[in-house]
file input_17.txt (compact mmCIF, C-alpha atoms)
# COMPACT_ATOMS: atom_id res chain seq x y z
CA MET E 1 5.31 -14.15 50.23
CA ASP E 2 4.10 -17.69 50.81
CA GLY E 3 5.40 -18.71 54.24
CA ASP E 4 6.98 -22.01 55.17
CA PRO E 5 5.60 -24.83 53.08
CA VAL E 6 5.67 -28.44 54.09
CA VAL E 7 8.43 -29.94 51.98
CA GLU E 8 8.99 -33.46 50.71
CA PRO E 9 9.90 -36.01 53.42
CA GLU E 10 13.22 -37.17 51.93
CA LEU E 11 16.21 -35.63 50.22
CA ASP E 12 15.33 -34.95 46.61
CA SER E 13 17.76 -34.71 43.71
CA PHE E 14 17.92 -30.92 43.98
CA SER E 15 18.89 -31.02 47.68
CA LEU E 16 21.46 -33.73 47.02
CA THR E 17 23.15 -31.50 44.47
CA PHE E 18 22.49 -28.08 46.00
CA PRO E 19 21.95 -28.36 49.78
CA LEU E 20 20.32 -25.57 51.76
CA PRO E 21 23.56 -23.96 53.07
CA TYR E 22 24.82 -23.52 49.51
CA ARG E 23 21.51 -21.99 48.46
CA VAL E 24 21.81 -19.41 51.24
CA ALA E 25 25.41 -18.63 50.26
CA PHE E 26 24.46 -18.43 46.59
CA ILE E 27 21.79 -15.78 47.17
CA VAL E 28 24.11 -13.79 49.46
CA VAL E 29 26.83 -13.79 46.79
CA LEU E 30 24.20 -12.93 44.21
CA ALA E 31 23.29 -9.86 46.26
CA VAL E 32 26.87 -8.59 46.04
CA TRP E 33 26.99 -9.11 42.28
CA GLY E 34 23.60 -7.42 41.99
CA TRP E 35 24.70 -4.37 43.98
CA GLY E 36 27.79 -4.08 41.80
CA LEU E 37 25.60 -4.14 38.67
CA ASN E 38 23.29 -1.55 40.25
CA LEU E 39 26.22 0.77 40.92
CA HIS E 40 27.75 0.13 37.50
CA PHE E 41 24.64 0.79 35.43
CA LEU E 42 23.59 3.83 37.46
CA HIS E 43 27.13 5.19 37.16
CA ILE E 44 26.84 4.89 33.38
CA ARG E 45 23.52 6.76 33.61
CA LYS E 46 25.29 9.58 35.51
CA ILE E 47 23.41 8.84 38.74
CA ASP E 48 25.73 9.32 41.71
CA VAL E 49 24.64 6.58 44.11
CA PRO E 50 27.39 7.22 46.71
CA SER E 51 26.25 10.81 47.13
CA LEU E 52 22.65 9.67 47.69
CA ILE E 53 23.64 7.28 50.48
CA ARG E 54 26.23 9.74 51.83
CA TYR E 55 29.16 7.46 51.05
CA PRO E 56 32.51 9.20 50.43
CA GLY E 57 33.18 9.72 46.74
CA ARG E 58 36.45 9.09 44.94
CA SER E 59 39.06 11.76 45.64
CA SER E 60 40.35 11.78 42.07
CA PRO E 61 39.16 10.67 38.61
CA ALA E 62 42.13 8.29 38.48
CA GLN E 63 40.57 6.12 41.20
CA LEU E 64 38.39 3.24 40.06
CA PRO E 65 34.60 3.63 40.50
CA HIS E 66 32.90 2.02 43.49
CA HIS E 67 31.46 -0.85 41.48
CA HIS E 68 34.94 -2.20 40.76
CA SER E 69 35.53 -2.86 44.48
CA THR E 70 32.12 -4.52 44.69
CA TYR E 71 32.94 -6.77 41.73
CA ARG E 72 36.23 -7.79 43.37
CA LEU E 73 34.45 -8.79 46.57
CA ALA E 74 31.80 -10.66 44.58
CA THR E 75 34.51 -12.51 42.63
CA LEU E 76 36.27 -13.51 45.84
CA LEU E 77 33.03 -14.76 47.38
CA SER E 78 32.19 -16.67 44.19
CA LEU E 79 35.57 -18.37 44.03
CA SER E 80 35.27 -19.44 47.65
CA SER E 81 31.82 -20.96 47.08
CA VAL E 82 32.79 -22.67 43.81
CA LEU E 83 35.82 -24.27 45.49
CA SER E 84 33.72 -25.39 48.46
CA ILE E 85 30.89 -26.94 46.44
CA SER E 86 33.40 -28.68 44.15
CA ILE E 87 35.02 -30.32 47.18
CA PHE E 88 31.59 -31.20 48.55
CA TRP E 89 30.47 -32.81 45.29
CA PHE E 90 33.69 -34.84 45.16
CA CYS E 91 33.30 -36.05 48.75
CA ALA E 92 29.53 -36.64 48.76
CA ASP E 93 29.34 -38.15 45.28
CA HIS E 94 25.57 -37.56 45.20
CA ASP E 95 25.03 -40.15 47.93
CA ALA E 96 22.35 -39.21 50.48
CA LYS E 97 24.27 -40.49 53.52
CA ARG E 98 27.46 -38.74 52.47
CA VAL E 99 25.60 -35.51 51.73
CA ILE E 100 24.29 -35.56 55.30
CA ASP E 101 27.65 -36.56 56.83
CA TYR E 102 29.66 -33.88 55.02
CA ASP E 103 27.44 -30.98 56.08
CA TRP E 104 30.46 -29.32 57.70
CA ILE E 105 31.80 -28.42 54.24
CA PRO E 106 28.93 -26.13 53.18
CA MET E 107 28.68 -24.75 56.74
CA THR E 108 32.37 -23.88 56.60
CA ASN E 109 31.67 -22.07 53.34
CA LEU E 110 28.98 -20.01 55.10
CA ALA E 111 31.50 -19.12 57.82
CA VAL E 112 34.09 -18.13 55.21
CA THR E 113 31.50 -16.03 53.38
CA ALA E 114 30.71 -14.18 56.61
CA ALA E 115 34.42 -13.74 57.35
CA LEU E 116 35.09 -12.18 53.94
CA PHE E 117 32.68 -9.38 54.84
CA VAL E 118 34.66 -8.61 58.00
CA LEU E 119 38.35 -9.33 57.40
CA PRO E 120 40.67 -6.70 55.84
CA LEU E 121 41.41 -7.74 52.25
CA ARG E 122 43.51 -4.82 51.02
CA ARG E 123 46.19 -7.13 49.62
CA LEU E 124 43.52 -8.52 47.33
CA SER E 125 42.54 -4.97 46.27
CA VAL E 126 39.18 -5.28 48.05
CA SER E 127 38.24 -2.09 49.89
CA HIS E 128 37.53 -2.54 53.60
CA SER E 129 35.79 0.80 54.06
CA GLY E 130 32.73 -0.23 52.05
CA ARG E 131 32.26 -3.47 54.00
CA ARG E 132 32.82 -1.61 57.27
CA ARG E 133 30.16 0.91 56.27
CA LEU E 134 27.78 -1.93 55.31
CA LEU E 135 28.22 -3.65 58.69
CA ALA E 136 27.74 -0.38 60.58
CA THR E 137 24.57 0.33 58.61
CA LEU E 138 23.36 -3.23 59.17
CA ARG E 139 23.87 -2.90 62.93
CA ARG E 140 21.86 0.33 63.01
CA VAL E 141 19.13 -0.98 60.71
CA SER E 142 18.81 -4.35 62.47
CA VAL E 143 17.18 -2.67 65.49
CA GLY E 144 14.97 -0.44 63.36
CA GLY E 145 17.29 2.54 63.52
CA LEU E 146 17.32 5.27 60.91
CA ALA E 147 20.12 7.75 60.29
CA GLU E 148 19.51 11.42 59.72
CA ALA E 149 19.49 12.56 56.09
CA LYS E 150 23.00 14.00 56.33
CA ASP E 151 24.30 10.68 57.69
CA GLY E 152 22.83 8.42 55.00
CA LYS E 153 19.14 7.90 55.73
CA PHE E 154 18.43 6.81 52.16
CA GLY E 155 21.06 4.07 52.46
CA ASP E 156 19.38 2.79 55.63
CA ILE E 157 16.03 2.64 53.87
CA LEU E 158 17.49 0.82 50.86
CA LEU E 159 19.19 -1.79 53.02
CA ALA E 160 16.10 -2.34 55.18
CA ASP E 161 13.92 -2.77 52.08
CA VAL E 162 16.41 -5.30 50.71
CA LEU E 163 16.19 -7.23 53.99
CA THR E 164 12.42 -7.61 53.53
CA SER E 165 13.13 -9.44 50.26
CA TYR E 166 15.76 -11.57 51.99
CA ALA E 167 13.46 -12.56 54.88
CA ARG E 168 13.07 -16.11 53.57
CA VAL E 169 16.84 -16.38 53.08
CA ILE E 170 17.39 -15.23 56.68
CA GLY E 171 14.89 -17.88 57.76
CA ASP E 172 16.79 -20.55 55.81
CA LEU E 173 20.08 -19.42 57.36
CA PHE E 174 18.57 -19.93 60.80
CA ILE E 175 17.28 -23.36 59.75
CA CYS E 176 20.80 -24.34 58.61
CA LEU E 177 22.30 -23.29 61.94
CA CYS E 178 19.48 -24.88 63.94
CA MET E 179 19.81 -28.21 62.15
CA PHE E 180 23.62 -28.13 62.28
CA PHE E 181 23.76 -27.59 66.04
CA THR E 182 20.87 -29.92 66.84
CA ARG E 183 21.98 -33.25 68.26
CA ASN E 184 22.12 -35.88 65.51
CA GLY E 185 21.05 -33.19 63.04
CA SER E 186 22.61 -32.19 59.75
CA ALA E 187 22.43 -28.90 57.86
CA THR E 188 22.32 -30.79 54.56
CA ASP E 189 19.47 -33.09 55.55
CA ARG E 190 15.88 -32.42 54.48
CA PRO E 191 15.21 -28.82 55.64
CA ASP E 192 13.22 -28.85 58.86
CA ARG E 193 11.31 -25.60 58.55
CA GLY E 194 9.87 -26.11 62.01
CA CYS E 195 13.31 -26.27 63.62
CA GLY E 196 13.36 -24.26 66.82
CA GLY E 197 9.59 -24.46 67.28
CA ILE E 198 6.53 -23.50 65.29
CA PHE E 199 6.83 -19.78 66.04
CA LEU E 200 10.54 -18.98 65.74
CA VAL E 201 10.94 -19.08 61.95
CA PRO E 202 7.76 -17.02 61.32
CA LEU E 203 9.07 -14.52 63.88
CA LEU E 204 12.34 -14.24 61.95
CA LEU E 205 10.40 -13.73 58.71
CA ALA E 206 8.52 -10.85 60.33
CA ILE E 207 11.59 -8.98 61.64
CA PRO E 208 12.59 -7.20 58.37
CA ASN E 209 9.07 -5.82 57.91
CA ALA E 210 9.02 -4.79 61.58
CA ILE E 211 12.30 -2.93 60.98
CA ARG E 212 10.85 -0.97 58.06
CA LEU E 213 7.65 -0.29 59.97
CA ARG E 214 9.65 1.22 62.84
CA GLN E 215 11.69 3.33 60.41
CA CYS E 216 8.46 4.71 58.93
CA LEU E 217 7.23 5.62 62.40
CA ILE E 218 10.56 7.32 63.14
CA GLU E 219 10.16 9.39 59.97
CA TYR E 220 6.61 10.25 60.97
CA MET E 221 7.71 11.44 64.42
CA ARG E 222 10.52 13.52 62.92
CA VAL E 223 8.03 15.28 60.67
CA ARG E 224 5.55 15.77 63.51
CA ASN E 225 8.26 17.25 65.74
CA SER E 226 9.57 19.54 63.02
CA PRO E 227 8.71 23.25 63.33
CA PHE E 228 8.47 23.38 59.53
CA LYS E 229 5.41 21.19 58.87
CA GLU E 230 4.27 23.55 56.12
CA SER E 231 7.34 22.49 54.12
CA THR E 232 7.35 18.78 54.93
CA GLY E 233 3.65 17.98 55.41
CA TRP E 234 2.10 16.26 58.44
CA GLY E 235 3.69 12.88 57.81
CA GLY E 236 0.66 10.97 56.57
CA GLN E 237 2.64 9.28 53.82
CA HIS E 238 4.97 7.73 56.40
CA LEU E 239 1.98 6.29 58.28
CA ALA E 240 0.59 4.89 55.03
CA ASN E 241 3.98 3.32 54.33
CA ALA E 242 4.04 1.82 57.83
CA ALA E 243 0.58 0.37 57.18
CA LYS E 244 1.93 -1.26 54.03
CA TYR E 245 4.62 -3.13 55.97
CA SER E 246 2.11 -4.11 58.65
CA THR E 247 0.10 -6.02 56.02
CA ALA E 248 2.93 -8.58 55.89
CA PHE E 249 2.28 -9.78 59.44
CA PRO E 250 -1.15 -11.38 58.86
CA VAL E 251 0.32 -13.24 55.86
CA ILE E 252 3.16 -14.64 57.97
CA ILE E 253 0.86 -15.59 60.85
CA LEU E 254 -1.75 -17.23 58.62
CA ASN E 255 0.99 -19.09 56.71
CA ALA E 256 2.30 -20.54 59.96
CA MET E 257 -1.23 -21.49 61.05
CA LEU E 258 -1.93 -23.15 57.68
CA ARG E 259 1.32 -25.07 57.82
CA ASN E 260 0.57 -26.40 61.28
CA ALA E 261 -3.00 -27.24 60.26
CA ASN E 262 -1.71 -29.21 57.27
CA ILE E 263 0.75 -31.10 59.47
CA ASN E 264 -2.00 -31.95 61.95
CA GLY E 265 -4.45 -32.78 59.16
CA THR E 266 -6.95 -30.11 60.23
CA PRO E 267 -6.91 -27.43 57.49
CA THR E 268 -9.93 -25.11 57.43
CA THR E 269 -11.52 -23.30 54.51
CA SER E 270 -11.91 -20.08 56.50
CA LEU E 271 -8.19 -20.04 57.34
CA TYR E 272 -7.29 -20.61 53.71
CA ARG E 273 -9.58 -17.80 52.55
CA ALA E 274 -8.15 -15.45 55.17
CA TRP E 275 -4.65 -16.26 53.89
CA ILE E 276 -5.69 -15.49 50.30
CA PHE E 277 -7.23 -12.16 51.35
CA ALA E 278 -4.18 -11.15 53.43
CA SER E 279 -1.75 -12.14 50.67
CA LEU E 280 -3.73 -10.25 48.03
CA LEU E 281 -3.90 -7.12 50.18
CA ASN E 282 -0.16 -7.23 50.89
CA SER E 283 0.80 -7.83 47.25
CA LEU E 284 -1.48 -5.17 45.72
CA TYR E 285 -0.74 -2.55 48.38
CA SER E 286 3.01 -3.15 47.94
CA PHE E 287 2.70 -3.03 44.15
CA TYR E 288 0.80 0.26 44.32
CA TRP E 289 3.48 1.71 46.59
CA ASP E 290 6.30 0.55 44.31
CA VAL E 291 4.79 2.32 41.32
CA ALA E 292 3.20 5.42 42.83
CA LYS E 293 5.49 6.25 45.76
CA ASP E 294 8.85 4.52 45.37
CA TRP E 295 9.12 5.25 41.62
CA ASP E 296 6.95 8.41 41.45
CA LEU E 297 5.09 7.17 38.37
CA THR E 298 1.64 8.53 37.57
CA LEU E 299 -0.09 5.27 36.63
CA PHE E 300 -2.37 5.47 39.68
CA ALA E 301 -2.71 9.26 39.70
CA GLY E 302 -5.78 11.16 38.51
CA PRO E 303 -6.70 11.12 34.79
CA GLN E 304 -5.30 14.61 34.19
CA GLU E 305 -1.88 13.81 35.62
CA ARG E 306 -1.77 10.28 34.22
CA ASN E 307 -2.58 11.47 30.69
CA SER E 308 -0.49 14.63 30.80
CA PRO E 309 1.19 15.47 27.45
CA ASP E 310 4.38 16.28 29.39
CA HIS E 311 5.24 12.60 29.82
CA PRO E 312 4.36 9.13 28.47
CA PHE E 313 1.08 7.68 29.72
CA GLY E 314 1.29 6.70 33.39
CA LEU E 315 5.00 7.54 33.75
CA ARG E 316 6.76 10.84 34.49
CA ARG E 317 8.61 13.57 32.67
CA ARG E 318 12.19 12.54 33.49
CA LEU E 319 13.13 8.96 32.61
CA LEU E 320 16.82 8.28 33.20
CA ILE E 321 16.97 4.48 33.13
CA HIS E 322 15.71 3.68 29.64
CA LYS E 323 12.89 4.14 27.14
CA PRO E 324 9.22 4.20 28.28
CA MET E 325 8.60 0.62 27.12
CA VAL E 326 11.12 -0.62 29.70
CA TYR E 327 9.16 1.11 32.47
CA TYR E 328 5.92 -0.53 31.34
CA PHE E 329 7.63 -3.92 31.28
CA VAL E 330 9.10 -3.42 34.76
CA ILE E 331 5.69 -2.40 36.14
CA ALA E 332 4.15 -5.63 34.77
CA LEU E 333 7.13 -7.66 36.02
CA ASP E 334 6.85 -6.16 39.50
CA LEU E 335 3.17 -7.09 39.70
CA ALA E 336 3.81 -10.64 38.48
CA LEU E 337 6.64 -11.24 40.94
CA ARG E 338 4.66 -9.71 43.80
CA CYS E 339 2.04 -12.38 43.19
CA THR E 340 4.13 -15.56 42.90
CA TRP E 341 2.22 -16.95 45.90
CA MET E 342 -0.77 -17.39 43.58
CA ILE E 343 0.74 -20.57 42.14
CA LYS E 344 -0.47 -22.26 45.33
CA LEU E 345 -4.05 -21.50 44.26
CA GLN E 346 -3.71 -23.85 41.31
CA PRO E 347 -4.30 -27.48 42.37
CA TYR E 348 -1.89 -28.86 39.78
CA LEU E 349 0.84 -26.42 40.87
CA ASN E 350 0.29 -26.59 44.62
CA THR E 351 2.39 -29.74 45.07
CA ILE E 352 5.15 -28.36 42.83
CA SER E 353 5.32 -25.16 44.88
CA ASP E 354 6.25 -27.20 47.97
CA LEU E 355 9.35 -28.74 46.35
CA GLU E 356 12.71 -27.45 47.56
CA SER E 357 13.64 -26.40 44.03
CA SER E 358 10.42 -24.37 43.76
CA ILE E 359 10.98 -22.72 47.14
CA PHE E 360 14.47 -21.70 46.03
CA LEU E 361 13.15 -20.42 42.71
CA ILE E 362 10.55 -18.24 44.45
CA GLN E 363 13.28 -16.82 46.70
CA PHE E 364 15.40 -16.09 43.63
CA PHE E 365 12.50 -14.32 41.89
CA GLU E 366 11.92 -12.09 44.92
CA VAL E 367 15.62 -11.18 45.10
CA PHE E 368 15.58 -10.48 41.37
CA ARG E 369 12.47 -8.28 41.77
CA ARG E 370 14.21 -6.28 44.49
CA TRP E 371 17.32 -5.92 42.34
CA VAL E 372 15.24 -4.41 39.53
CA TRP E 373 13.36 -2.25 42.05
CA ILE E 374 16.63 -0.69 43.25
CA PHE E 375 17.41 0.79 39.82
CA PHE E 376 14.16 2.71 39.71
CA ARG E 377 14.08 3.61 43.41
CA VAL E 378 17.56 5.15 43.21
CA GLU E 379 16.66 6.90 39.95
CA THR E 380 13.60 8.42 41.66
CA GLU E 381 15.63 9.65 44.62
CA TRP E 382 18.17 11.18 42.24
CA ILE E 383 15.42 13.00 40.32
CA ARG E 384 13.89 14.29 43.57
CA ASN E 385 17.24 15.72 44.61
CA THR E 386 18.32 17.11 41.24
CA SER E 387 15.00 18.50 39.97
CA THR E 388 14.88 21.13 42.72
CA GLY E 389 18.37 20.74 44.03
CA LEU E 390 16.88 19.57 47.32
CA GLY E 391 15.02 16.52 48.52
CA VAL E 392 12.53 16.56 51.38
CA ASP E 393 15.17 15.84 54.02
CA ASP E 394 17.60 18.35 52.56
CA ILE E 395 14.89 21.00 52.70
CA LEU E 396 14.21 20.19 56.32
CA MET E 397 17.90 20.56 57.09
CA ASN E 398 18.07 23.73 55.03
CA ASN E 399 15.15 25.20 56.99
CA PHE E 400 16.95 24.60 60.23
CA ASN E 401 20.12 26.17 58.90
CA THR E 402 18.68 29.17 57.08
CA ARG E 403 15.19 29.59 58.60
CA ASP E 404 13.94 30.13 55.07
CA GLU E 405 10.40 28.72 55.21
CA ASP E 406 9.74 29.54 51.57
CA GLU E 407 12.23 26.97 50.24
CA GLY E 408 10.64 24.69 47.59
CA TYR E 409 10.62 20.93 47.84
CA GLN E 410 9.44 17.80 46.16
CA ASP E 411 7.74 15.20 48.36

call {"tool": "encode", "arguments": {"input": "input_17.txt", "output": "structure tokens"}}
result
Amino acid sequence: MDGDPVVEPELDSFSLTFPLPYRVAFIVVLAVWGWGLNLHFLHIRKIDVPSLIRYPGRSSPAQLPHHHSTYRLATLLSLSSVLSISIFWFCADHDAKRVIDYDWIPMTNLAVTAALFVLPLRRLSVSHSGRRRLLATLRRVSVGGLAEAKDGKFGDILLADVLTSYARVIGDLFICLCMFFTRNGSATDRPDRGCGGIFLVPLLLAIPNAIRLRQCLIEYMRVRNSPFKESTGWGGQHLANAAKYSTAFPVIILNAMLRNANINGTPTTSLYRAWIFASLLNSLYSFYWDVAKDWDLTLFAGPQERNSPDHPFGLRRRLLIHKPMVYYFVIALDLALRCTWMIKLQPYLNTISDLESSIFLIQFFEVFRRWVWIFFRVETEWIRNTSTGLGVDDILMNNFNTRDEDEGYQD
């Protein structure tokens, strides 16, 4: 994560063609397509995602799989955006003044995009139950809530983790609205990343990580209050996970301070070094957690476990997604995309990284990284549940129901 850079003072060619509201809509639509591809591929791999997130399955084999409904919604959203941007291009004709004057067209598209998530669309063969479930989960997650395992806790965690990758997109959405409703402002003008004050956008960027931190603390308290600690542990892993999300806050704060220092012409070396240290800690800690905890790979385990003959080096015994080489590639990709902020350390790339096109590209890379992450996170949860027949939360529930303290589990 690299905060809110100071962008170029005038509309560049990229912003004339692809204004900020369309970029926000594009990444939102991309998320729907990505989720459909997640569901589709995992369905092919015989991984039942709906059962993991406690979403009702199909009542008969004749019904279409869940990813078909997701594809229909994604297609509808795409058609709406393509129509809108075509009208905008025709009206604006790549003229800066017209681009600014016709900002109501892309803002209308954002409103339509939001409406398509809410309105019943059964006549268009788009299921309303899935969108209703998404909105209900989003409402619960948005205040740091976390469902019980039987009510879809894993789905809450997935959505909250996705929101951390969409933090910059959420910030850009606020900037669009702020500029649109500001007197004499325009949502398609040069993005004012200080709109609303110097603290408001950084605060918005911090909210998704604060949500996940609170969820981790909720999990910790549930374990601590459980009478079956011998089966579920003392909850230390949840505290370590909470600490991981807390490392994002210094990065956001230092980014905001650096941005303001650059605007005022008073940057300091100590502030810059602190930002580098905080960013490195956040990236490496998050990368370690992705590999060792979210994906249950043994790359960072002890030599005996890492080199076990039961599985490829640094991986695990059951690999459901693809061949081992794919896992090694994804590990390297995850590390590289976790460290995209490092381009700002190169003097000849620092200016490029502040361009609107570069900011958008970094956002896209983070969304892409999260999309890849979902495949392996869901695979891991499926293995945890099918290897023993019970995951940690299922065991906790089973202990309450049967009082059998000898039930096995996989943490």

call {"tool": "atom_distance", "arguments": {"input": "input_17.txt", "atom1": "CA of Leu213 in chain E", "atom2": "CA of Ala242 in chain E"}}
result
4.7 Å

call {"tool": "atom_distance", "arguments": {"input": "input_17.txt", "atom1": "CA of Ile207 in chain E", "atom2": "CA of Arg139 in chain E"}}
result
13.8 Å

call {"tool": "atom_distance", "arguments": {"input": "input_17.txt", "atom1": "CA of Gly302 in chain E", "atom2": "CA of Arg212 in chain E"}}
result
28.4 Å

call {"tool": "closest_residue", "arguments": {"input": "input_17.txt", "among": "E:Ile343, E:Leu138, E:Ala332, E:Ile383", "to": "Arg316 in chain E", "atoms": "only C-alpha atoms"}}
result
E:Ile383

call {"tool": "closest_residue", "arguments": {"input": "input_17.txt", "among": "E:Ile359, E:Ala147, E:Ala111, E:Leu320", "to": "Arg45 in chain E", "atoms": "only C-alpha atoms"}}
result
E:Leu320

call {"tool": "closest_residue", "arguments": {"input": "input_17.txt", "among": "E:Ala301, E:Leu158, E:Ala243, E:Val24", "to": "Asp172 in chain E", "atoms": "only C-alpha atoms"}}
result
E:Val24

call {"tool": "closest_atom_pairs", "arguments": {"input": "input_17.txt", "of": "range 261-308 of chain E", "to": "range 361-373 of chain E", "cutoff": "10 Å", "atoms": "all atoms listed in the file", "output": "CSV"}}
result
residue,atom,partner,partner_atom,distance
E:Asp290,CA,E:Trp373,CA,7.9
E:Val291,CA,E:Trp373,CA,9.7
E:Asp294,CA,E:Trp373,CA,8.8
E:Trp295,CA,E:Trp373,CA,8.6

call {"tool": "closest_residue", "arguments": {"input": "input_17.txt", "among": "E:Asp310, E:Val32, E:Arg384, E:Leu20", "to": "Phe174 in chain E", "atoms": "only C-alpha atoms"}}
result
E:Leu20

call {"tool": "residues_around", "arguments": {"input": "input_17.txt", "residues": "range 218-223 of chain E", "least_positions_apart": "2", "cutoff": "6 Å", "atoms": "only C-alpha atoms", "output": "list in words"}}
result
Gln215, Cys216, Asn225, Ser226, Gly235 and His238 of chain E

call {"tool": "residues_around", "arguments": {"input": "input_17.txt", "residues": "Leu254 in chain E", "least_positions_apart": "2", "cutoff": "8 Å", "atoms": "all atoms listed in the file", "output": "list in words"}}
result
Pro250, Val251, Ile252, Ala256, Met257, Leu258, Leu271, Ala274 and Trp275 of chain E

call {"tool": "decode", "arguments": {"input": "input_17.txt", "residues": "range 295-306 of chain E", "atoms": "N, CA, C and O atoms", "output": "PDB file, in the first residue's frame"}}
result
ATOM      1  N   TRP E 295      -2.847 -20.133   3.558  1.00  0.00           N
ATOM      2  CA  TRP E 295      -2.750 -21.228   2.591  1.00  0.00           C
ATOM      3  C   TRP E 295      -2.196 -22.517   3.200  1.00  0.00           C
ATOM      4  O   TRP E 295      -2.121 -23.536   2.501  1.00  0.00           O
ATOM      5  N   ASP E 296      -1.787 -22.484   4.459  1.00  0.00           N
ATOM      6  CA  ASP E 296      -1.277 -23.676   5.167  1.00  0.00           C
ATOM      7  C   ASP E 296      -0.104 -24.345   4.444  1.00  0.00           C
ATOM      8  O   ASP E 296       0.021 -25.581   4.454  1.00  0.00           O
ATOM      9  N   LEU E 297       0.738 -23.562   3.815  1.00  0.00           N
ATOM     10  CA  LEU E 297       1.929 -24.113   3.167  1.00  0.00           C
ATOM     11  C   LEU E 297       3.073 -24.163   4.181  1.00  0.00           C
ATOM     12  O   LEU E 297       3.065 -23.438   5.177  1.00  0.00           O
ATOM     13  N   THR E 298       4.034 -25.002   3.926  1.00  0.00           N
ATOM     14  CA  THR E 298       5.093 -25.254   4.912  1.00  0.00           C
ATOM     15  C   THR E 298       6.398 -24.525   4.595  1.00  0.00           C
ATOM     16  O   THR E 298       7.440 -24.849   5.169  1.00  0.00           O
ATOM     17  N   LEU E 299       6.355 -23.550   3.709  1.00  0.00           N
ATOM     18  CA  LEU E 299       7.576 -22.869   3.285  1.00  0.00           C
ATOM     19  C   LEU E 299       8.318 -22.244   4.462  1.00  0.00           C
ATOM     20  O   LEU E 299       9.552 -22.224   4.492  1.00  0.00           O
ATOM     21  N   PHE E 300       7.578 -21.730   5.443  1.00  0.00           N
ATOM     22  CA  PHE E 300       8.198 -21.082   6.593  1.00  0.00           C
ATOM     23  C   PHE E 300       8.175 -21.958   7.846  1.00  0.00           C
ATOM     24  O   PHE E 300       8.449 -21.464   8.949  1.00  0.00           O
ATOM     25  N   ALA E 301       7.857 -23.224   7.680  1.00  0.00           N
ATOM     26  CA  ALA E 301       7.861 -24.158   8.804  1.00  0.00           C
ATOM     27  C   ALA E 301       9.292 -24.620   9.079  1.00  0.00           C
ATOM     28  O   ALA E 301      10.245 -24.214   8.402  1.00  0.00           O
ATOM     29  N   GLY E 302       9.457 -25.482  10.077  1.00  0.00           N
ATOM     30  CA  GLY E 302      10.777 -26.014  10.390  1.00  0.00           C
ATOM     31  C   GLY E 302      11.311 -26.889   9.273  1.00  0.00           C
ATOM     32  O   GLY E 302      10.551 -27.352   8.412  1.00  0.00           O
ATOM     33  N   PRO E 303      12.630 -27.132   9.245  1.00  0.00           N
ATOM     34  CA  PRO E 303      13.242 -27.914   8.157  1.00  0.00           C
ATOM     35  C   PRO E 303      12.612 -29.293   7.976  1.00  0.00           C
ATOM     36  O   PRO E 303      12.440 -29.741   6.835  1.00  0.00           O
ATOM     37  N   GLN E 304      12.266 -29.952   9.070  1.00  0.00           N
ATOM     38  CA  GLN E 304      11.705 -31.303   8.966  1.00  0.00           C
ATOM     39  C   GLN E 304      10.366 -31.297   8.254  1.00  0.00           C
ATOM     40  O   GLN E 304      10.111 -32.121   7.371  1.00  0.00           O
ATOM     41  N   GLU E 305       9.506 -30.349   8.627  1.00  0.00           N
ATOM     42  CA  GLU E 305       8.189 -30.268   7.985  1.00  0.00           C
ATOM     43  C   GLU E 305       8.297 -29.722   6.574  1.00  0.00           C
ATOM     44  O   GLU E 305       7.610 -30.185   5.656  1.00  0.00           O
ATOM     45  N   ARG E 306       9.148 -28.734   6.370  1.00  0.00           N
ATOM     46  CA  ARG E 306       9.292 -28.127   5.044  1.00  0.00           C
ATOM     47  C   ARG E 306       9.845 -29.124   4.027  1.00  0.00           C
ATOM     48  O   ARG E 306       9.445 -29.119   2.858  1.00  0.00           O
TER      49      ARG E 306
END
